[in-house]
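I have placed the structure first, in the form of structure tokens, so that the comments after it can refer back to it.
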Protein chains: 2
Amino acid sequence: MSKLLEELKEYLNKRNQYEHVCTLLYWDMKTGTPKLGQAGHVEALTHFSSESFAMSTSEKLGELLDKLAEPGEFEELDDTWKFIVKHMKKDFDRNRRIPAELYTAFVQAQAESGNAWEEAKEASDFSLFAPHLQKMIDMTREITGYTDPGKEIYDALLDQYEEGMDSATIDRLFEDLKKELIPFVKAILAKQQPENKAFLQYFDPDAQKKVQDMLLDYMGFRQEAGSVGETEHPFTLSFSSKDVRVTNHYYENDPLSSIFSAIHEGGHAIFDQNVNPEYDNTVAGSCNYMGLHESQSRFYENILGRNKNFWIPIYDRLGELLPAFKEISLEDFYREINHVKNSFIRVNADEVTYCFHIILRYEMEKAIFRDQIPVEELPALWNQKMQEYLQITPANDGEGILQDMHWSDGSFGYFPSYLLGSIYDGMFLDTMREELGDVDQLLRDGKIGEITKWLNEKIHWYGSTRKPKEVISTVCGREVSAEPLIRYFKEKYAVIYGI
Amino acid sequence: MSKLLEELKEYLNKRNQYEHVCTLLYWDMKTGTPKLGQAGHVEALTHFSSESFAMSTSEKLGELLDKLAEPGEFEELDDTWKFIVKHMKKDFDRNRRIPAELYTAFVQAQAESGNAWEEAKEASDFSLFAPHLQKMIDMTREITGYTDPGKEIYDALLDQYEEGMDSATIDRLFEDLKKELIPFVKAILAKQQPENKAFLQYFDPDAQKKVQDMLLDYMGFRQEAGSVGETEHPFTLSFSSKDVRVTNHYYENDPLSSIFSAIHEGGHAIFDQNVNPEYDNTVAGSCNYMGLHESQSRFYENILGRNKNFWIPIYDRLGELLPAFKEISLEDFYREINHVKNSFIRVNADEVTYCFHIILRYEMEKAIFRDQIPVEELPALWNQKMQEYLQITPANDGEGILQDMHWSDGSFGYFPSYLLGSIYDGMFLDTMREELGDVDQLLRDGKIGEITKWLNEKIHWYGSTRKPKEVISTVCGREVSAEPLIRYFKEKYAVIYGI
């Protein structure tokens with residue numbers, strides 16, 4: 001190994017220790033820290049994230065990366081380290097162009113904006129959040145001017161979350177979806193089903209946790225490399241492929257929420273657990289492409305989890321753990337988990353109308369960054385688009401434009417990832433059928449392990465070393481297209497709704 | 001504030017960040033880290049504990065402490081910082097006399113010895129552990145020669161865990177106990193009660209957790225400054241008075257284990273939560289005297305928790321959470337939790353015969369360090385003393401000399417703390433009765449809050465700033481004596497056993 005590479009590894013190893021404890025502090029703050037203990041954790045987090053940031057932006061690191069990227073040195077690296085050096089150098093060069101004061105001011109403004117958003121949401125009053133949102137937009141614009149000079153701003157933002165993706169591609173994909181899904185959802189809604197009251201009874205939260213364990217185990221989540229915590233908002237967090245944590249919430253009157261969050265986060269976690277362990281603790285490890293990552297959580301949640309065949313081998317076990325399900329037929333359960341209806345809240349939407357929630361946000365982000373629409377006009381635009389796509393109007397901003405936290409910390413360009421994930425899923429399902437045969441049959445036979453193995457080998461193993469478009473072309477042998485997702489929706493819901 | 005003091009505070013603040021994450025890494029390794037994630041945590045723990053150790057033994061810290069201890073500077077400090085500087089300087093001067101290689105070798109040997117002990121216990125084979133135990137004894141002797149030159153070694157060890165305590169005092173206390181308790185236990189055992197089969201049924205672990213929450217809440221454990229985890233061996237851990245964590249285990253067929261561990265650890269936690277918050281993150285904070293700390297956990301567990309009146313206000317709630325208790329009368333419950341019998345395992349012993357378990361270990365530690373008895377002879381000595389005090393002989397070393405981990409990491413001199421704690425409890429109970437009146441009546445009336453408040457104000461608030469003997473003389477106005485504990489045992493068990 002070259003002496004320079006050895007030096008870089010040593011340097012990164014020290015920085016990884018800081019990042020490791022930052023991850024742990026964050027995990028513990030969300031899952032185990034009592035109210036009065038939060039301040040102590042914040043103090044430690046501030047200390048170690050500053051140390052980590054200093055190491056990530058130091059002259060020393062810059063020099064190491066510059067030297068390793070030089071022709072003589074670079075060829076000596078193996079493929080993994082070629083990727084790591086190239087990727088880190090790109091990030092480093094982008095980030096070092098941001099003036100330090102601007103970055104510090106942005107971090108400060110993020111925190112203030114987050115607090116303002118919480119207050120505004122609580123009060124359903126957009127005006128409390130508007131000036132902060134404006135600041136987030138302005139600062140994002142300013143920072144992106146430094147990181148991506150000469151690049152169209154919204155494309156630059158999209159690229160941050162899904163490298164290689166641009167608005168031209170997304171426009172094409174989303175337009176295809178709109179064209180097909182708007183009339184299709186109308187047809188579904190014409191056949192509306194009544195609410196199933198059986199899901200409104202009491203479901204023991206402790207038993208819901210046991211259902212989660214059963215589901216994670218069934219999907220292939222390895223307990224020896226993972227654990228489970230409890231939080232209001234479910235998430236997945238990874239230290240490495242060897243330690244991947246998921247969280248969940250358990251509502252007494254809504255068992256489906258914890259069940260589908262368990263499957264969704266389980267999908268993220270199975271991705272992270274199965275990345276090539278050689279990539280652990282490097283940028284090649286845990287996948288940094290949000291759309292690709294979301295494609296895996298949503299493949300488990302929707303393509304598998306909302307398929308009747310997924311439940312056939314385990315529906316009795318569900319009834320043993322939560323006896324109320326003994327009184328609900330699998331058919332009724334299946335209809336409930338695929339109940340299409342126009343609703344206000346993205347995270348509660350069914351898989352079909354979910355598309356509209358994302359398209360709306362994508363169009364609004366374009367309006368913000370391309371058309372420079374004033375923030376004061378955003379709630380009206382939101383409501384107008386809700387009416388257009390979902391034919392409903394929020395009673396207030398809390399269930400409207402204030403529902404998501406993403407814009408409050410400046411995560412503009414993130415939302416499309418969710419729908420890109422589903423679009424990829426349609427394509428993966430097509431290819432999987434070609435290669436593994438009848439996926440429904442595999443599920444019915446309890447052979448979900450074969451599906452997980454396919455995803456592991458085709459996608460997860462490569463971590464971040466393949467960009468999303470590269471994954472799609474390698475795995476599916478074609479360009480990204482919404483057609484398979486649309487076809488999947490039409491085939492599935494035509495049967496359910498008899499259309 | 002003097003510039004020197006400011007410098008010390010800044011220095012300690014940085015070191016505290018390292019200690020904070022070491023505490024968190026330890027907590028997470030015990031409560032949440034999956035098997036394959038342990039190595040990543042160990043790596044981080046090694047990194048940060050080395051950093052913390054380096055800061056705790058640096059020339060820089062030595063200089064700061066030396067200067068602040070000088071006459072001109074020292075008088076300027078307030079009482080808290082006088083204590084902190086004095087205490088830290090004492091520790092620093094002791095520790096800097098240990099050769100660095102010796103300390104490193106000891107840490108290494110500790111780890112190896114711990115592993116060997118686990119294996120030996122698993123195999124019930126003392127010979128696997130013997131050479132490691134010998135090494136722990138030899139190294140402890142060598143280190144103590146540096147830290148406490150000229151001091152009799154076992155007294156030096158006792159002083160490490162219970163500052164100011166010595167074997168002359170402990171000899172006196174334990175001899176008094178032996179003289180009175182040996183015949184008293186004989187009298188109890190002559191009236192032996194049959195086993196109560198009602199406690200052998202299934203008790204839902206999830207419900208046991210809810211019982212723990214109820215008990216902690218009832219005792220005065222503040223959830224906003226604490227949380228609960230699950231581990232095989234229950235323990236308490238504190239970041240500061242604002243973040244105190246307890247753990248517990250839940251056995252399906254033994255609800256009393258989790259109930260009394262909850263109360264015991266709750267007692268430790270209530271101590272830590274109620275130390276003067278000004279002492280947070282300093283040596284004046286969380287109490288470092290093991291006997292005094294144990295006195296508080298054991299006061300809740302035994303003096304209060306094994307008192308029938310403790311249960312009167314909450315016995316119905318226990319039955320609501322664990323319905324099996326509805327079928328067990330409070331009287332039967334009370335007899336079961338005070339069932340005196342000779343048994344092998346210290347942690348499962350009743351509060352009376354527990355004394356013998358500690359006396360045995362104390363006498364063995366004296367035999368090791370004073371009489372230099374060879375390690376090969378220790379199992380025979382153990383068994384001989386078990387016969388002498390408890391009239392039983394372990395079937396193997398696993399339920400005999402290998403049962404506790406304390407000697408495997410060199411914690412010689414720790415065991416007496418447990419019994420010192422109970423001895424202090426007898427004295428605290430006497431004083432509490434003088435000052436608060438009828439303690440049984442307070443418990444019966446559900447006024448346990450008044451008892452907790454008394455302990456908070458008299459003991460907890462002072463953290464480490466008062467040594468155990470000082471606490472006893474201040475609170476009880478007399479010297480340490482085993483007489484109140486003996487009287488408590490006699491009064492209580494004479495009634496239960498009709499003698």
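Identifiers for the structure tokens are assigned positionally: chains receive A, B, ... in sequence, residues are indexed from 1 per chain, and ligands are indexed from 1 in the order shown.
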Please, which residues in chain A fall within 8 Å of chain B when counting only C-alpha atoms, and what is the closest atom pair and distance in Å to one decimal for each, ordered by chain then residue number, as JSON lines?
{"residue": "A:Gln17", "atom": "CA", "partner": "B:Ala44", "partner_atom": "CA", "distance": 5.5}
{"residue": "A:His20", "atom": "CA", "partner": "B:Ala44", "partner_atom": "CA", "distance": 7.2}
{"residue": "A:Val21", "atom": "CA", "partner": "B:Val21", "partner_atom": "CA", "distance": 6.7}
{"residue": "A:Leu24", "atom": "CA", "partner": "B:Leu25", "partner_atom": "CA", "distance": 7.7}
{"residue": "A:Leu25", "atom": "CA", "partner": "B:Leu24", "partner_atom": "CA", "distance": 7.7}
{"residue": "A:Gly32", "atom": "CA", "partner": "B:Ser227", "partner_atom": "CA", "distance": 6.6}
{"residue": "A:Thr33", "atom": "CA", "partner": "B:Ser227", "partner_atom": "CA", "distance": 6.9}
{"residue": "A:Pro34", "atom": "CA", "partner": "B:Glu224", "partner_atom": "CA", "distance": 5.2}
{"residue": "A:Lys35", "atom": "CA", "partner": "B:Glu224", "partner_atom": "CA", "distance": 5.0}
{"residue": "A:Leu36", "atom": "CA", "partner": "B:Ala225", "partner_atom": "CA", "distance": 5.2}
{"residue": "A:Gly37", "atom": "CA", "partner": "B:Asp243", "partner_atom": "CA", "distance": 4.7}
{"residue": "A:Glu43", "atom": "CA", "partner": "B:Gln17", "partner_atom": "CA", "distance": 8.0}
{"residue": "A:Ala44", "atom": "CA", "partner": "B:Gln17", "partner_atom": "CA", "distance": 5.5}
{"residue": "A:His47", "atom": "CA", "partner": "B:Gln17", "partner_atom": "CA", "distance": 7.4}
{"residue": "A:Asp206", "atom": "CA", "partner": "B:Asp206", "partner_atom": "CA", "distance": 7.0}
{"residue": "A:Gln223", "atom": "CA", "partner": "B:Pro34", "partner_atom": "CA", "distance": 6.8}
{"residue": "A:Glu224", "atom": "CA", "partner": "B:Lys35", "partner_atom": "CA", "distance": 5.0}
{"residue": "A:Ala225", "atom": "CA", "partner": "B:Leu36", "partner_atom": "CA", "distance": 5.2}
{"residue": "A:Gly226", "atom": "CA", "partner": "B:Pro34", "partner_atom": "CA", "distance": 5.4}
{"residue": "A:Ser227", "atom": "CA", "partner": "B:Pro34", "partner_atom": "CA", "distance": 6.1}
{"residue": "A:Phe239", "atom": "CA", "partner": "B:Gly37", "partner_atom": "CA", "distance": 8.0}
{"residue": "A:Ser240", "atom": "CA", "partner": "B:Gly37", "partner_atom": "CA", "distance": 8.0}
{"residue": "A:Lys242", "atom": "CA", "partner": "B:Gly37", "partner_atom": "CA", "distance": 5.2}
{"residue": "A:Asp243", "atom": "CA", "partner": "B:Gly37", "partner_atom": "CA", "distance": 4.7}
Env of A:Thr353: 9 Å cut, atoms = only C-alpha atoms, seq-sep filter 2 positions within chain, self excluded. Answer as a list in words.
Leu181, Val185, Val340, Lys341, Asn342, Ser343, Arg346, Ala349, Asp350, Glu351, Cys355, Phe356, His357, Tyr389 and Leu390 of chain A
Just list as a PyMOL selection string whatever in stretch 231-411 of chain A DSSP marks as alpha helix (DSSP H).
chain A and resi 255-273+290-298+308-311+315-321+330-336+354-369+378-390
Shell of 12 Å around B:Leu321, only C-alpha atoms, local chain residues under 3 positions omitted, as a list in words
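Non-adjacent residues within range: Phe203, Asp204, Pro205, Asp206, Ala207, Gln208, Lys209, Lys210, Val211, Gln212, Asp213, Met214, Leu215, Pro255, Ile314, Tyr315, Asp316, Arg317, Leu318, Ala324, Phe325 and Lys326 of chain B.
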I'd like the interatomic distance between atom CA of B:Thr144 and atom CA of B:Ala109, to a tenth of an Å.
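Pair atom CA of B:Thr144 / atom CA of B:Ala109 returns 16.0 Å.
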Fewer than 5 positions away in the same chain doesn't count, so skip those; otherwise give me all residues within 7 Å of stretch 299-310 of chain A, counting only C-alpha atoms, as a list in words.
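The filter keeps Phe260, Ile263, His264, Gly267, Tyr334, Ile337, Asn338, Glu351, Asp425, Asp440, Leu443 and Arg444 of chain A.
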Could you list, as a ChimeraX atom specification, every residue within 10 Å of stretch 464-468 of chain B, counting only C-alpha atoms and ignoring same-chain residues fewer than 3 positions away?
/B:79-80,83-84,87,162-165,275,279,282-293,420-421,424,459-461,471-474,480
Kindly save the residues from that selection, with N, CA and C atoms included, as a compact mmCIF listing (two decimals), in the first residue's frame.
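Everything below was put into result32.txt:
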# COMPACT_ATOMS: atom_id res chain seq x y z
N ASP B 79 -16.12 26.61 48.06
CA ASP B 79 -16.01 25.30 48.72
C ASP B 79 -16.05 24.15 47.72
N THR B 80 -16.93 24.27 46.72
CA THR B 80 -17.04 23.20 45.73
C THR B 80 -15.72 23.00 45.01
N PHE B 83 -13.00 21.48 47.07
CA PHE B 83 -13.12 20.02 47.12
C PHE B 83 -12.60 19.40 45.83
N ILE B 84 -13.04 19.95 44.70
CA ILE B 84 -12.67 19.35 43.41
C ILE B 84 -11.15 19.36 43.22
N HIS B 87 -9.44 16.94 45.68
CA HIS B 87 -9.71 15.55 45.35
C HIS B 87 -8.99 15.14 44.08
N GLU B 162 -14.29 2.91 49.51
CA GLU B 162 -15.05 3.57 50.57
C GLU B 162 -14.05 4.41 51.35
N GLU B 163 -13.82 5.62 50.84
CA GLU B 163 -12.75 6.44 51.38
C GLU B 163 -12.92 6.66 52.88
N GLY B 164 -11.84 6.41 53.60
CA GLY B 164 -11.88 6.62 55.05
C GLY B 164 -12.22 5.36 55.82
N MET B 165 -12.59 4.30 55.11
CA MET B 165 -12.95 3.05 55.78
C MET B 165 -11.71 2.17 55.88
N VAL B 275 -28.22 14.75 43.38
CA VAL B 275 -26.99 15.43 43.77
C VAL B 275 -27.10 16.89 43.31
N TYR B 279 -22.60 20.23 40.90
CA TYR B 279 -21.48 19.28 40.90
C TYR B 279 -21.43 18.45 39.62
N THR B 282 -18.26 16.82 37.53
CA THR B 282 -17.03 17.00 38.31
C THR B 282 -16.94 15.84 39.30
N VAL B 283 -15.76 15.71 39.93
CA VAL B 283 -15.60 14.64 40.94
C VAL B 283 -16.50 14.86 42.15
N ALA B 284 -17.07 16.04 42.29
CA ALA B 284 -17.98 16.29 43.41
C ALA B 284 -19.37 15.71 43.13
N GLY B 285 -19.63 15.41 41.86
CA GLY B 285 -20.95 14.90 41.46
C GLY B 285 -21.15 13.47 41.88
N SER B 286 -21.73 12.70 41.01
CA SER B 286 -22.10 11.31 41.30
C SER B 286 -21.21 10.69 42.36
N CYS B 287 -21.82 10.18 43.40
CA CYS B 287 -21.10 9.70 44.59
C CYS B 287 -20.16 8.54 44.27
N ASN B 288 -18.89 8.72 44.66
CA ASN B 288 -17.88 7.71 44.36
C ASN B 288 -17.62 6.74 45.50
N TYR B 289 -18.43 6.80 46.55
CA TYR B 289 -18.23 5.90 47.69
C TYR B 289 -19.21 4.76 47.53
N MET B 290 -18.66 3.57 47.28
CA MET B 290 -19.51 2.44 46.92
C MET B 290 -20.43 2.02 48.06
N GLY B 291 -19.92 2.06 49.29
CA GLY B 291 -20.75 1.65 50.43
C GLY B 291 -21.91 2.63 50.61
N LEU B 292 -21.59 3.91 50.50
CA LEU B 292 -22.64 4.92 50.68
C LEU B 292 -23.67 4.81 49.55
N HIS B 293 -23.19 4.58 48.35
CA HIS B 293 -24.12 4.46 47.23
C HIS B 293 -24.99 3.22 47.43
N LEU B 420 -21.55 -2.79 54.17
CA LEU B 420 -21.46 -1.48 54.81
C LEU B 420 -22.73 -0.69 54.50
N GLY B 421 -23.19 -0.79 53.27
CA GLY B 421 -24.42 -0.11 52.88
C GLY B 421 -25.57 -0.49 53.79
N TYR B 424 -25.09 1.01 57.27
CA TYR B 424 -25.49 2.42 57.29
C TYR B 424 -27.02 2.53 57.30
N ILE B 459 -28.54 13.24 52.38
CA ILE B 459 -27.45 12.42 51.82
C ILE B 459 -27.15 12.77 50.36
N HIS B 460 -28.17 12.65 49.50
CA HIS B 460 -27.90 12.71 48.06
C HIS B 460 -27.30 14.03 47.62
N TRP B 461 -27.87 15.11 48.14
CA TRP B 461 -27.49 16.45 47.71
C TRP B 461 -25.97 16.68 47.71
N VAL B 471 -20.74 11.52 56.48
CA VAL B 471 -22.20 11.47 56.28
C VAL B 471 -22.84 10.84 57.51
N ILE B 472 -22.28 9.72 57.95
CA ILE B 472 -22.86 9.03 59.10
C ILE B 472 -22.85 9.94 60.33
N SER B 473 -21.72 10.58 60.59
CA SER B 473 -21.66 11.39 61.81
C SER B 473 -22.55 12.62 61.69
N THR B 474 -22.64 13.20 60.49
CA THR B 474 -23.50 14.38 60.31
C THR B 474 -24.98 14.00 60.41
N VAL B 480 -20.13 4.77 63.25
CA VAL B 480 -20.71 3.63 62.54
C VAL B 480 -20.84 2.44 63.48
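Using only C-alpha atoms, the shortest contact distance between B:Ala111 and any of B:Arg298, B:Ile259, B:His132, B:Ile368 is found at B:His132.
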Among stretch 156-339 of chain A, which ones does DSSP place in strand (DSSP E or B), written as a PyMOL selection string?
chain A and resi 226-230+236-240+243-248+251+254
Expressed in Å to a single decimal, how great is the separation between atom CA of A:Ile182 and atom CA of A:Glu294?
23.4 Å
Spatial neighbours of B:Ala187, 8 Å, only C-alpha atoms, chain gap at least 4 places, as a list in words
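Contacts, with the query itself left out: Pro183, Lys191 and Ile499 of chain B.
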